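**Q** mmCIF, C-alpha atoms, saved as structure39.cif, coming up:
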```
data_target
loop_
_atom_site.label_atom_id
_atom_site.label_comp_id
_atom_site.auth_asym_id
_atom_site.auth_seq_id
_atom_site.Cartn_x
_atom_site.Cartn_y
_atom_site.Cartn_z
CA MET A 1262 -44.59 -16.41 -43.82
CA VAL A 1263 -41.10 -16.09 -42.35
CA ILE A 1264 -39.22 -17.89 -45.15
CA SER A 1265 -41.29 -18.76 -48.23
CA VAL A 1266 -43.36 -15.61 -48.75
CA PRO A 1267 -40.37 -13.26 -48.24
CA GLN A 1268 -38.45 -15.30 -50.84
CA LEU A 1269 -41.34 -15.13 -53.31
CA LEU A 1270 -41.65 -11.37 -52.78
CA SER A 1271 -37.89 -10.87 -53.08
CA ALA A 1272 -37.99 -12.67 -56.46
CA ARG A 1273 -40.46 -9.98 -57.53
CA HIS A 1274 -37.90 -7.30 -56.52
CA VAL A 1275 -39.83 -6.09 -53.48
CA PRO A 1276 -37.40 -4.11 -51.24
CA GLU A 1277 -36.13 -5.95 -48.14
CA SER A 1278 -37.38 -3.19 -45.84
CA THR A 1279 -40.90 -3.58 -47.26
CA ILE A 1280 -40.77 -7.36 -46.86
CA ALA A 1281 -39.60 -7.03 -43.24
CA ALA A 1282 -42.40 -4.58 -42.42
CA MET A 1283 -45.00 -6.80 -44.10
CA THR A 1284 -43.74 -9.88 -42.24
CA ALA A 1285 -43.99 -8.11 -38.89
CA VAL A 1286 -47.59 -7.09 -39.61
CA MET A 1287 -48.54 -10.53 -40.93
CA LEU A 1288 -47.21 -12.22 -37.78
CA SER A 1289 -49.00 -9.81 -35.44
CA PRO A 1290 -52.06 -12.07 -34.85
CA GLY A 1291 -49.72 -14.25 -32.79
CA PHE A 1292 -50.02 -11.57 -30.08
CA TRP A 1293 -53.64 -10.42 -30.31
CA ALA A 1294 -55.64 -13.42 -31.58
CA PHE A 1295 -56.21 -14.45 -27.93
CA LEU A 1296 -58.73 -11.59 -27.65
CA VAL A 1297 -61.12 -13.62 -29.82
CA SER A 1298 -60.20 -17.07 -28.50
CA PRO A 1299 -63.06 -17.26 -25.92
CA VAL A 1300 -65.54 -17.89 -28.75
CA LEU A 1301 -63.79 -21.25 -29.35
CA ASP A 1302 -65.15 -22.54 -26.04
CA VAL A 1303 -68.84 -21.87 -26.61
CA ARG A 1304 -71.79 -23.00 -28.71
CA PHE A 1305 -70.03 -25.43 -31.10
CA SER A 1306 -67.62 -28.34 -30.57
CA ARG A 1307 -63.88 -27.77 -30.87
CA ARG A 1308 -63.92 -30.20 -33.81
CA TRP A 1309 -66.27 -27.80 -35.62
CA TYR A 1310 -64.08 -24.80 -34.79
CA SER A 1311 -60.91 -26.67 -35.84
CA VAL A 1312 -62.35 -27.59 -39.25
CA THR A 1313 -63.83 -24.12 -39.83
CA THR A 1314 -60.70 -22.17 -38.89
CA ALA A 1315 -58.47 -24.56 -40.87
CA ALA A 1316 -60.65 -24.04 -43.95
CA ALA A 1317 -60.52 -20.26 -43.51
CA ALA A 1318 -56.72 -20.30 -43.11
CA ALA A 1319 -56.32 -22.53 -46.19
CA LEU A 1320 -58.57 -20.35 -48.35
CA LEU A 1321 -56.78 -17.15 -47.33
CA LEU A 1322 -53.38 -18.74 -48.05
CA VAL A 1323 -54.57 -19.64 -51.56
CA LEU A 1324 -55.82 -16.08 -52.15
CA ALA A 1325 -52.54 -14.60 -50.92
CA LEU A 1326 -50.42 -16.83 -53.17
CA LEU A 1327 -52.57 -15.91 -56.18
CA ASN A 1328 -52.05 -12.18 -55.55
CA LEU A 1329 -48.28 -11.93 -54.97
CA ASP A 1330 -48.07 -8.97 -57.35
CA HIS A 1331 -50.49 -6.98 -55.18
CA LEU A 1332 -48.70 -6.33 -51.88
CA MET A 1333 -51.69 -4.87 -50.06
CA LEU A 1334 -53.80 -7.94 -50.82
CA VAL A 1335 -50.98 -10.28 -49.78
CA GLU A 1336 -50.69 -8.49 -46.46
CA VAL A 1337 -54.44 -8.43 -45.81
CA PHE A 1338 -54.96 -12.07 -46.78
CA LEU A 1339 -52.03 -13.34 -44.70
CA VAL A 1340 -52.87 -11.26 -41.63
CA ALA A 1341 -56.36 -12.76 -41.76
CA GLY A 1342 -54.97 -16.19 -42.64
CA PHE A 1343 -52.52 -16.22 -39.73
CA PHE A 1344 -55.31 -14.99 -37.45
CA PHE A 1345 -57.41 -18.03 -38.36
CA ALA A 1346 -54.33 -20.28 -38.15
CA ASN A 1347 -53.85 -19.10 -34.56
CA LEU A 1348 -57.49 -19.81 -33.75
CA TYR A 1349 -57.08 -23.23 -35.40
CA GLN A 1350 -54.06 -23.95 -33.20
CA SER A 1351 -55.95 -22.82 -30.10
CA ALA A 1352 -59.09 -24.81 -30.89
CA LEU A 1353 -57.01 -27.92 -31.56
CA GLY A 1354 -54.81 -27.35 -28.50
CA GLY A 1355 -57.83 -26.95 -26.24
CA TRP A 1356 -59.44 -30.00 -27.83
CA LEU A 1357 -56.35 -32.22 -27.43
CA SER A 1358 -55.90 -31.19 -23.80
CA THR A 1359 -59.35 -32.51 -22.93
CA ILE A 1360 -59.00 -35.96 -24.55
CA VAL A 1361 -55.59 -37.14 -23.28
CA THR A 1362 -54.79 -38.45 -19.84
CA THR A 1363 -52.52 -36.50 -17.54
CA GLU A 1364 -49.66 -38.99 -17.90
CA LYS A 1365 -49.77 -38.57 -21.70
CA GLU A 1366 -49.56 -34.76 -21.72
CA ASN A 1367 -45.77 -34.63 -22.02
CA THR A 1368 -45.82 -37.14 -24.87
CA LEU A 1369 -48.49 -35.08 -26.59
CA SER A 1370 -46.42 -31.90 -26.20
CA VAL A 1371 -43.45 -33.67 -27.88
CA TRP A 1372 -45.49 -34.65 -30.93
CA VAL A 1373 -47.24 -31.29 -31.16
CA THR A 1374 -43.83 -29.61 -31.32
CA ILE A 1375 -42.55 -32.17 -33.84
CA GLY A 1376 -45.62 -31.43 -35.95
CA ASN A 1377 -44.95 -27.69 -35.77
CA ILE A 1378 -41.25 -27.99 -36.62
CA GLY A 1379 -41.69 -30.68 -39.27
CA GLY A 1380 -44.71 -29.04 -40.85
CA GLY A 1381 -43.07 -25.62 -40.84
CA GLY A 1382 -39.91 -27.03 -42.42
CA ALA A 1383 -41.88 -28.94 -45.06
CA MET A 1384 -43.89 -25.86 -46.01
CA ALA A 1385 -40.76 -23.69 -46.11
CA VAL A 1386 -39.20 -26.11 -48.60
CA THR A 1387 -42.25 -26.88 -50.75
CA VAL A 1388 -43.97 -23.49 -51.13
CA GLY A 1389 -41.19 -21.92 -53.19
CA GLU A 1390 -40.61 -25.06 -55.28
CA LEU A 1391 -44.30 -25.53 -56.12
CA MET A 1392 -44.85 -21.85 -56.91
CA ARG A 1393 -41.83 -21.82 -59.25
CA ASN A 1394 -42.47 -25.12 -61.04
CA LEU A 1395 -46.25 -25.42 -61.30
CA PRO A 1396 -48.97 -23.12 -62.67
CA PRO A 1397 -49.71 -20.58 -59.89
CA THR A 1398 -53.35 -21.60 -59.44
CA LEU A 1399 -52.53 -25.31 -59.18
CA ALA A 1400 -49.66 -24.66 -56.75
CA ALA A 1401 -51.78 -22.39 -54.54
CA VAL A 1402 -54.68 -24.87 -54.40
CA LEU A 1403 -52.30 -27.74 -53.56
CA LEU A 1404 -50.76 -25.75 -50.71
CA GLY A 1405 -54.19 -24.85 -49.40
CA GLY A 1406 -55.03 -28.55 -49.50
CA VAL A 1407 -51.94 -29.32 -47.43
CA VAL A 1408 -53.27 -27.05 -44.66
CA MET A 1409 -56.50 -29.06 -44.68
CA LEU A 1410 -54.81 -32.50 -44.50
CA PRO A 1411 -54.92 -32.85 -40.66
CA ILE A 1412 -58.72 -32.75 -40.60
CA LEU A 1413 -58.72 -36.26 -42.10
CA VAL A 1414 -58.01 -37.69 -38.62
CA PHE A 1415 -60.61 -35.56 -36.82
CA PRO A 1416 -63.51 -38.07 -37.22
CA TRP A 1417 -61.53 -40.59 -35.13
CA MET A 1418 -60.87 -38.12 -32.28
CA PRO A 1419 -63.42 -37.80 -29.43
CA ALA A 1420 -64.93 -34.32 -29.49
CA PRO A 1421 -66.54 -33.23 -26.20
CA GLY A 1422 -69.04 -30.44 -26.69
CA PRO A 1423 -68.53 -26.90 -25.36
CA ASP A 1424 -69.79 -25.72 -22.00
CA ARG A 1425 -73.44 -25.05 -22.86
CA ARG A 1426 -73.84 -23.13 -19.61
CA LEU A 1427 -71.37 -20.52 -20.84
CA ALA A 1428 -73.02 -20.42 -24.26
CA LYS A 1429 -76.42 -19.63 -22.77
CA GLU A 1430 -75.23 -16.91 -20.42
CA SER A 1431 -75.06 -13.25 -21.30
CA PHE A 1432 -71.84 -11.88 -22.76
CA SER A 1433 -71.05 -10.03 -19.54
CA GLN A 1434 -71.27 -13.25 -17.53
CA PHE A 1435 -69.26 -15.14 -20.13
CA PHE A 1436 -66.41 -12.64 -20.18
CA GLY A 1437 -66.52 -12.60 -16.39
CA GLU A 1438 -65.50 -16.26 -16.61
CA VAL A 1439 -62.61 -15.28 -18.87
CA ILE A 1440 -61.45 -12.55 -16.48
CA SER A 1441 -61.58 -15.01 -13.59
CA LEU A 1442 -59.34 -17.28 -15.65
CA LEU A 1443 -56.71 -14.54 -15.75
CA LYS A 1444 -56.80 -14.32 -11.95
CA LYS A 1445 -55.84 -17.96 -11.44
CA ARG A 1446 -52.39 -18.35 -9.96
CA GLU A 1447 -51.28 -21.19 -12.24
CA ILE A 1448 -52.27 -19.19 -15.35
CA LEU A 1449 -50.42 -16.09 -14.16
CA ILE A 1450 -47.27 -18.09 -13.34
CA ALA A 1451 -47.30 -19.78 -16.75
CA MET A 1452 -47.76 -16.46 -18.54
CA LEU A 1453 -45.00 -14.82 -16.47
CA LEU A 1454 -42.60 -17.65 -17.35
CA PHE A 1455 -43.29 -17.20 -21.04
CA VAL A 1456 -43.40 -13.40 -21.24
CA ALA A 1457 -39.97 -13.23 -19.57
CA PRO A 1458 -36.97 -13.89 -21.86
CA ALA A 1459 -35.96 -17.04 -20.00
CA ALA A 1460 -36.04 -19.64 -22.79
CA THR A 1461 -36.88 -17.75 -25.97
CA PHE A 1462 -33.78 -18.56 -28.06
CA SER A 1463 -34.50 -15.76 -30.50
CA MET A 1464 -30.90 -16.17 -31.69
CA THR A 1465 -32.30 -18.82 -34.03
CA ASN A 1466 -34.01 -16.03 -36.00
CA PHE A 1467 -31.18 -13.54 -35.62
CA LEU A 1468 -28.29 -15.84 -36.60
CA SER A 1469 -29.88 -16.89 -39.90
CA GLY A 1470 -29.10 -13.44 -41.30
CA LEU A 1471 -25.46 -13.39 -40.16
CA GLY A 1472 -23.93 -16.00 -42.46
CA SER A 1473 -21.49 -13.49 -43.93
CA ASP A 1474 -20.02 -12.83 -40.47
CA PHE A 1475 -18.98 -16.49 -40.43
CA HIS A 1476 -17.72 -16.45 -44.05
CA ALA A 1477 -20.52 -18.87 -44.97
CA SER A 1478 -21.86 -19.01 -48.52
CA THR A 1479 -25.53 -18.43 -49.31
CA HIS A 1480 -25.87 -22.10 -50.28
CA PHE A 1481 -24.32 -23.23 -46.98
CA VAL A 1482 -26.63 -20.95 -45.01
CA GLY A 1483 -29.62 -22.36 -46.93
CA VAL A 1484 -28.64 -25.98 -46.23
CA VAL A 1485 -27.98 -25.35 -42.53
CA GLY A 1486 -31.10 -23.22 -42.19
CA GLY A 1487 -33.21 -26.00 -43.71
CA ALA A 1488 -32.10 -29.57 -43.07
CA GLY A 1489 -29.71 -28.70 -40.22
CA VAL A 1490 -32.22 -26.66 -38.28
CA LEU A 1491 -34.91 -29.32 -38.81
CA LEU A 1492 -32.53 -31.99 -37.49
CA GLY A 1493 -31.62 -29.90 -34.42
CA GLY A 1494 -35.28 -29.19 -33.71
CA LEU A 1495 -36.35 -32.81 -33.98
CA CYS A 1496 -33.46 -33.91 -31.73
CA GLY A 1497 -34.61 -31.35 -29.16
CA CYS A 1498 -38.16 -32.75 -29.28
CA PHE A 1499 -37.03 -36.34 -28.87
CA ALA A 1500 -34.65 -35.38 -26.05
CA PHE A 1501 -37.50 -33.96 -23.94
CA PRO A 1502 -38.90 -37.35 -22.81
CA LEU A 1503 -35.43 -38.21 -21.52
CA ILE A 1504 -35.40 -35.29 -19.09
CA ASP A 1505 -39.05 -34.47 -18.38
CA LYS A 1506 -39.05 -36.37 -15.07
CA LEU A 1507 -35.88 -34.77 -13.71
CA LEU A 1508 -37.62 -31.61 -12.43
CA PRO A 1509 -41.12 -30.17 -12.14
CA LEU A 1510 -42.10 -28.73 -15.52
CA ARG A 1511 -41.73 -25.05 -14.60
CA PHE A 1512 -38.28 -25.55 -13.10
CA LEU A 1513 -37.32 -27.76 -16.05
CA TYR A 1514 -38.33 -24.99 -18.46
CA LEU A 1515 -36.03 -22.55 -16.64
CA ALA A 1516 -33.22 -25.14 -16.53
CA ILE A 1517 -33.50 -25.52 -20.31
CA GLY A 1518 -33.26 -21.74 -20.66
CA ALA A 1519 -30.19 -21.60 -18.42
CA GLY A 1520 -28.53 -24.51 -20.25
CA GLY A 1521 -29.14 -22.83 -23.59
CA ALA A 1522 -27.69 -19.56 -22.28
CA VAL A 1523 -24.53 -21.37 -21.18
CA PHE A 1524 -24.31 -22.92 -24.67
CA THR A 1525 -24.56 -19.41 -26.17
CA LEU A 1526 -21.73 -18.19 -23.92
CA ILE A 1527 -19.55 -21.14 -25.03
CA LEU A 1528 -20.00 -19.97 -28.63
CA LEU A 1529 -18.00 -16.85 -27.67
CA LEU A 1530 -14.88 -19.06 -27.55
CA LEU A 1531 -15.26 -20.40 -31.09
CA PRO A 1532 -13.83 -18.85 -34.29
CA HIS A 1533 -16.16 -17.20 -36.81
CA GLU A 1534 -16.15 -19.82 -39.56
CA PRO A 1535 -18.88 -21.82 -41.37
CA ALA A 1536 -18.66 -24.84 -39.05
CA THR A 1537 -19.25 -22.57 -36.04
CA PHE A 1538 -22.24 -21.00 -37.78
CA ALA A 1539 -23.73 -24.48 -38.30
CA ALA A 1540 -23.06 -25.51 -34.69
CA ALA A 1541 -24.58 -22.29 -33.37
CA LEU A 1542 -27.74 -22.41 -35.46
CA ILE A 1543 -28.37 -26.13 -34.94
CA GLY A 1544 -27.55 -25.93 -31.21
CA GLU A 1545 -29.82 -22.93 -30.62
CA ASN A 1546 -32.63 -24.72 -32.47
CA PHE A 1547 -32.06 -27.81 -30.32
CA PHE A 1548 -32.56 -25.81 -27.13
CA GLN A 1549 -35.47 -23.85 -28.61
CA ALA A 1550 -37.26 -27.09 -29.53
CA LEU A 1551 -36.72 -28.34 -25.96
CA ALA A 1552 -38.14 -25.07 -24.59
CA ILE A 1553 -41.15 -25.10 -26.93
CA THR A 1554 -41.92 -28.71 -25.99
CA ALA A 1555 -41.69 -27.83 -22.29
CA SER A 1556 -43.89 -24.75 -22.77
CA THR A 1557 -46.52 -26.83 -24.57
CA ALA A 1558 -46.43 -29.38 -21.74
CA ILE A 1559 -46.91 -26.55 -19.23
CA ALA A 1560 -49.86 -25.27 -21.28
CA PHE A 1561 -51.53 -28.70 -21.27
CA GLU A 1562 -50.85 -29.12 -17.53
CA THR A 1563 -52.28 -25.66 -16.83
CA ILE A 1564 -55.46 -26.38 -18.79
CA GLY A 1565 -56.30 -29.64 -17.04
CA ARG A 1566 -58.88 -32.21 -18.12
CA ALA A 1567 -62.23 -30.56 -17.42
CA ASN A 1568 -61.59 -26.92 -18.27
CA PRO A 1569 -64.58 -25.33 -20.06
CA LEU A 1570 -62.23 -22.58 -21.31
CA ALA A 1571 -59.55 -24.97 -22.59
CA ALA A 1572 -59.04 -23.27 -25.98
CA THR A 1573 -58.95 -19.82 -24.40
CA THR A 1574 -56.36 -20.94 -21.84
CA PHE A 1575 -54.19 -22.57 -24.51
CA CYS A 1576 -54.30 -19.45 -26.68
CA LEU A 1577 -53.44 -17.15 -23.76
CA VAL A 1578 -50.43 -19.20 -22.70
CA ILE A 1579 -49.06 -19.72 -26.23
CA SER A 1580 -49.55 -16.02 -27.08
CA ALA A 1581 -47.48 -15.13 -24.03
CA TYR A 1582 -44.62 -17.31 -25.35
CA ASN A 1583 -44.66 -15.40 -28.66
CA ILE A 1584 -44.06 -12.02 -27.01
CA PRO A 1585 -40.36 -12.31 -26.03
CA ILE A 1586 -39.49 -13.80 -29.44
CA SER A 1587 -40.17 -10.33 -30.82
CA TYR A 1588 -38.61 -8.06 -28.23
CA MET A 1589 -35.52 -10.23 -27.80
CA LEU A 1590 -34.69 -9.59 -31.47
CA PHE A 1591 -34.25 -5.91 -30.58
CA ILE A 1592 -31.95 -6.89 -27.69
CA ASP A 1593 -29.94 -9.20 -29.96
CA ARG A 1594 -29.62 -6.41 -32.53
CA ALA A 1595 -28.46 -4.00 -29.83
CA GLY A 1596 -25.78 -6.49 -28.76
CA TYR A 1597 -24.71 -6.97 -32.38
CA SER A 1598 -24.44 -3.20 -32.88
CA TRP A 1599 -22.35 -3.00 -29.70
CA ARG A 1600 -19.78 -5.78 -30.31
CA GLY A 1601 -20.83 -7.69 -33.42
CA VAL A 1602 -21.69 -11.39 -33.13
CA ALA A 1603 -19.96 -11.65 -29.74
CA GLY A 1604 -22.07 -8.78 -28.41
CA GLY A 1605 -25.24 -10.48 -29.60
CA TYR A 1606 -24.24 -13.72 -27.91
CA ALA A 1607 -23.28 -12.03 -24.64
CA LEU A 1608 -26.38 -9.84 -24.32
CA ASP A 1609 -28.78 -12.62 -25.32
CA ALA A 1610 -27.24 -15.11 -22.87
CA GLY A 1611 -26.92 -12.56 -20.07
CA VAL A 1612 -30.55 -11.47 -20.27
CA SER A 1613 -31.72 -15.09 -20.42
CA LEU A 1614 -29.62 -16.19 -17.44
CA PHE A 1615 -30.81 -13.24 -15.36
CA ALA A 1616 -34.44 -14.07 -16.19
CA CYS A 1617 -33.95 -17.78 -15.37
CA LEU A 1618 -32.32 -17.09 -12.02
CA SER A 1619 -34.89 -14.45 -11.06
CA LEU A 1620 -37.85 -16.66 -11.97
CA THR A 1621 -36.34 -19.67 -10.19
CA ALA A 1622 -36.02 -17.60 -7.03
CA LEU A 1623 -39.63 -16.43 -7.47
CA LEU A 1624 -40.93 -20.01 -7.87
CA PHE A 1625 -39.10 -21.12 -4.72
CA TRP A 1626 -40.54 -18.13 -2.84
CA LEU A 1627 -44.07 -18.90 -4.05
CA GLN A 1628 -43.68 -22.53 -3.00
CA ARG A 1629 -42.64 -21.50 0.51
CA ARG A 1630 -45.69 -19.23 0.77
CA GLN A 1631 -48.10 -22.07 0.00
CA PRO A 1632 -49.94 -23.13 3.14
CA ALA A 1633 -48.86 -26.49 4.50
CA LYS A 1634 -51.31 -29.34 4.04
CA PRO A 1635 -53.10 -30.30 7.27
CA VAL A 1636 -51.72 -33.42 8.93
CA ALA A 1637 -54.28 -35.96 10.12
CA ILE A 1638 -53.87 -36.87 13.81
CA LEU A 1639 -54.73 -40.46 14.63
CA GLY A 1640 -55.79 -41.81 18.00
#
```
Now, as a test, write the supplied structure out as structure tokens.
**A**
Amino acid sequence: MVISVPQLLSARHVPESTIAAMTAVMLSPGFWAFLVSPVLDVRFSRRWYSVTTAAAAALLLVLALLNLDHLMLVEVFLVAGFFFANLYQSALGGWLSTIVTTEKENTLSVWVTIGNIGGGGAMAVTVGELMRNLPPTLAAVLLGGVVMLPILVFPWMPAPGPDRRLAKESFSQFFGEVISLLKKREILIAMLLFVAPAATFSMTNFLSGLGSDFHASTHFVGVVGGAGVLLGGLCGCFAFPLIDKLLPLRFLYLAIGAGGAVFTLILLLLPHEPATFAAALIGENFFQALAITASTAIAFETIGRANPLAATTFCLVISAYNIPISYMLFIDRAGYSWRGVAGGYALDAGVSLFACLSLTALLFWLQRRQPAKPVAILG
């Protein structure tokens, strides 16, 4: 929805402002889908919810691609499709968190992020090519089928049932459980870490539109934005296991944010030429992939093994991470309006460093407030 659909609409001479507005609306379920996520933890297994929401997302994608000449239908179908895609992600995330051991959570977070980056890159490349070179109906059905591919492994994954106690209770009691979830300290800390602009790396989205500022050709921007970004993202994922034991996860997440901010400040010293554009975009994607992997690991750690609201928790935490990606774009634009590319770099890095330092101080303070464990006295 960020790359392929805007390109398909642009080829139909839809104004850029209209495409931007449509994209913002279509991505909005990333912020509000969590309101419905509690249903994923009751009545049916998470396998059932994963298959059902994947099928709904696939069908709506097919319908959207078959109606590209009708903008209202495209917008409606993709808002609904992304809504079900978010529920699919949450059902699967909650499911995975309950069937892996604690020591495997970080490994799982690496491969979940690799799947997201690799799958997103593959779809970005193939959607446009298939829609241009195949009959529209065949291309749309094939792409819908791609969305359904992961369900082929579901029969070999253990699928614990939902908490039947919650399913049998009244809605008021059920949502009382959800509200109590929001009061848990570990949930609040995780959401605070992600809502703050500590390790967002929204420059990855902002830089992709600034190729001309670096005297980079459209072809060069396309190559770097595709293969280069995919390479940087995968390297970030594979680098995470090398550092995940250096610090506790929450402090590691903030260290990644601070390291990325320092990298952004270093870019201020480099000339505005195509090689710098490539280094900036690939480097920012490297740090973003590290941060996403760490955030997914924090989500799995926060959920735990026997959480009856696993899918709800996963959706809440991941939705929180999506929030600063949006508002940081406004901050990056403000910096760009102030001093061009250098202003964008400086403001983005400054805000991120301030958030990292503030949250680190808060975590230390919270640790000091924890009551000391009682010491057993022998004799």
**Q** Applied to the shown file, which residues does the PyMOL selection byres ((chain A and resi 1499) around 10) return, written as an mmCIF file with C-alpha atoms, in the frame of the given file?
**A**
```
data_model
loop_
_atom_site.group_PDB
_atom_site.id
_atom_site.type_symbol
_atom_site.label_atom_id
_atom_site.label_comp_id
_atom_site.auth_asym_id
_atom_site.auth_seq_id
_atom_site.Cartn_x
_atom_site.Cartn_y
_atom_site.Cartn_z
ATOM 1 C CA THR A 1368 -45.820 -37.140 -24.870
ATOM 2 C CA VAL A 1371 -43.450 -33.670 -27.880
ATOM 3 C CA TRP A 1372 -45.490 -34.650 -30.930
ATOM 4 C CA THR A 1374 -43.830 -29.610 -31.320
ATOM 5 C CA ILE A 1375 -42.550 -32.170 -33.840
ATOM 6 C CA GLY A 1494 -35.280 -29.190 -33.710
ATOM 7 C CA LEU A 1495 -36.350 -32.810 -33.980
ATOM 8 C CA CYS A 1496 -33.460 -33.910 -31.730
ATOM 9 C CA GLY A 1497 -34.610 -31.350 -29.160
ATOM 10 C CA CYS A 1498 -38.160 -32.750 -29.280
ATOM 11 C CA ALA A 1500 -34.650 -35.380 -26.050
ATOM 12 C CA PHE A 1501 -37.500 -33.960 -23.940
ATOM 13 C CA PRO A 1502 -38.900 -37.350 -22.810
ATOM 14 C CA LEU A 1503 -35.430 -38.210 -21.520
ATOM 15 C CA ILE A 1504 -35.400 -35.290 -19.090
ATOM 16 C CA PHE A 1547 -32.060 -27.810 -30.320
ATOM 17 C CA ALA A 1550 -37.260 -27.090 -29.530
ATOM 18 C CA LEU A 1551 -36.720 -28.340 -25.960
ATOM 19 C CA THR A 1554 -41.920 -28.710 -25.990
#
```
**Q** Around the point (-21.1, -21.5, -44.6) in the file's coordinates, collect all residues with an atom within 8 Å, using only C-alpha atoms, and return them as a list of chain:residue names.
**A**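 Residues close enough to count: A:Gly1472, A:Phe1475, A:His1476, A:Ala1477, A:Ser1478, A:Thr1479, A:His1480, A:Phe1481, A:Val1482, A:Glu1534, A:Pro1535, A:Ala1536, A:Phe1538, A:Ala1539.
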**Q** Could you tell me which of A:Pro1411, A:Pro1419, A:Gly1291, A:Gly1520 comes closest to A:Ala1341 if we count only C-alpha atoms?
**A** A:Gly1291
**Q** On this structure, which residues satisfy the PyMOL selection byres ((chain A and resi 1312) around 12), written as a count of residues only?
**A** 31
**Q** Please measure the separation of atom CA of A:Met1333 and atom CA of A:Met1287, giving the value in Å to one decimal.
**A**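 Separation between atom CA of A:Met1333 and atom CA of A:Met1287: 11.2 Å.
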**Q** Which is closer to A:Lys1365 than all the others in A:Gly1601, A:Leu1608, A:Glu1562, A:Met1384, using only C-alpha atoms?
**A** A:Glu1562
**Q** Quick check, in Å to one decimal: how far apart do atom CA of A:Val1386 and atom CA of A:Ala1552 lie?
**A**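 Computed distance, atom CA of A:Val1386 to atom CA of A:Ala1552, equals 24.1 Å.
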**Q** Compile the contact shell of stretch 1266-1278 of chain A as a PyMOL selection string: residues with an atom at most 10 Å away, counting all atoms listed in the file, same-chain residues fewer than 6 positions apart removed.
**A** chain A and resi 1284+1325-1326+1329-1330+1332+1335+1339+1385+1388-1389+1392-1393
**Q** For a test of reading the model, state the distance in Å between atom CA of A:Val1340 and atom CA of A:Thr1279, rounded to one decimal.
**A**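 Result for atom CA of A:Val1340 versus atom CA of A:Thr1279: 15.3 Å, one decimal.
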**Q** Tell me which protein, DNA and RNA residues are within 10 Å of A:Val1286, counting only C-alpha atoms, leaving out same-chain ones fewer than 3 positions away, and put them as an MDAnalysis selection string.
**A** chainID A and resid 1280:1283 1289:1290 1336:1337 1339:1340
**Q** Could the residues of stretch 1326-1357 of chain A that have an atom at most 12 Å from stretch 1567-1570 of chain A be listed as CSV, each with its closest atom pair and the distance in Å to one decimal, counting all atoms listed in the file and ordered by chain and ascending residue number?
**A**
```
residue,atom,partner,partner_atom,distance
A:Ser1351,CA,A:Leu1570,CA,10.8
A:Ala1352,CA,A:Leu1570,CA,10.3
A:Gly1354,CA,A:Leu1570,CA,11.4
A:Gly1355,CA,A:Leu1570,CA,7.9
A:Trp1356,CA,A:Leu1570,CA,10.3
A:Leu1357,CA,A:Ala1567,CA,11.7
```
**Q** Going by the chain IDs and residue numbers used in this file, which residues fall under the PyMOL selection byres ((chain A and resi 1582) around 12)? Write them as a PyMOL selection string.
**A** chain A and resi 1291-1292+1451-1463+1549+1552-1557+1559-1560+1575-1581+1583-1589
**Q** Give the answer as one residue: which of A:Ala1540, A:Val1407, A:Ala1383, A:Leu1528 has the shortest atom-to-atom distance to A:Ser1265, using only C-alpha atoms?
**A**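 Comparing A:Ala1540, A:Val1407, A:Ala1383, A:Leu1528 against A:Ser1265, the winner is A:Ala1383.
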**Q** Find the spatial neighbours of A:Ala1595, counting all atoms listed in the file, within a cut-off of 12 Å - ignore same-chain residues fewer than 4 positions away - and output them as a PyMOL selection string.
**A** chain A and resi 1467+1588-1591+1599-1609
**Q** Selected residues, C-alpha atoms, written as a JSON list (two decimals), keeping the file's coordinate frame, please.
**A**
```json
[["chain", "number", "residue", "atom", "x", "y", "z"],
["A", 1467, "PHE", "CA", -31.18, -13.54, -35.62],
["A", 1588, "TYR", "CA", -38.61, -8.06, -28.23],
["A", 1589, "MET", "CA", -35.52, -10.23, -27.80],
["A", 1590, "LEU", "CA", -34.69, -9.59, -31.47],
["A", 1591, "PHE", "CA", -34.25, -5.91, -30.58],
["A", 1599, "TRP", "CA", -22.35, -3.00, -29.70],
["A", 1600, "ARG", "CA", -19.78, -5.78, -30.31],
["A", 1601, "GLY", "CA", -20.83, -7.69, -33.42],
["A", 1602, "VAL", "CA", -21.69, -11.39, -33.13],
["A", 1603, "ALA", "CA", -19.96, -11.65, -29.74],
["A", 1604, "GLY", "CA", -22.07, -8.78, -28.41],
["A", 1605, "GLY", "CA", -25.24, -10.48, -29.60],
["A", 1606, "TYR", "CA", -24.24, -13.72, -27.91],
["A", 1607, "ALA", "CA", -23.28, -12.03, -24.64],
["A", 1608, "LEU", "CA", -26.38, -9.84, -24.32],
["A", 1609, "ASP", "CA", -28.78, -12.62, -25.32]]
```
**Q** From the options A:Leu1531, A:Met1464, A:Ala1571, A:Phe1512, which residue's atoms come nearest to A:Gly1596, counting all atoms listed in the file?
**A**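 Of A:Leu1531, A:Met1464, A:Ala1571, A:Phe1512, the one nearest A:Gly1596 is A:Met1464, counting all atoms listed in the file.
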**Q** Pick from A:Leu1391, A:Ala1572, A:Leu1443, A:Cys1617: nearest to A:Ser1298, with all atoms listed in the file counted?
**A**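 Comparing A:Leu1391, A:Ala1572, A:Leu1443, A:Cys1617 against A:Ser1298, the winner is A:Ala1572.
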**Q** Give me the residues within 10 Å of A:Ala1400 as a list of chain:residue names, counting only C-alpha atoms and dropping any in the same chain fewer than 2 places off.
**A**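 Within the cut-off, the hits are A:Val1323, A:Leu1326, A:Leu1327, A:Thr1387, A:Val1388, A:Gly1389, A:Glu1390, A:Leu1391, A:Met1392, A:Arg1393, A:Asn1394, A:Leu1395, A:Pro1396, A:Pro1397, A:Thr1398, A:Val1402, A:Leu1403, A:Leu1404, A:Gly1405, A:Gly1406.
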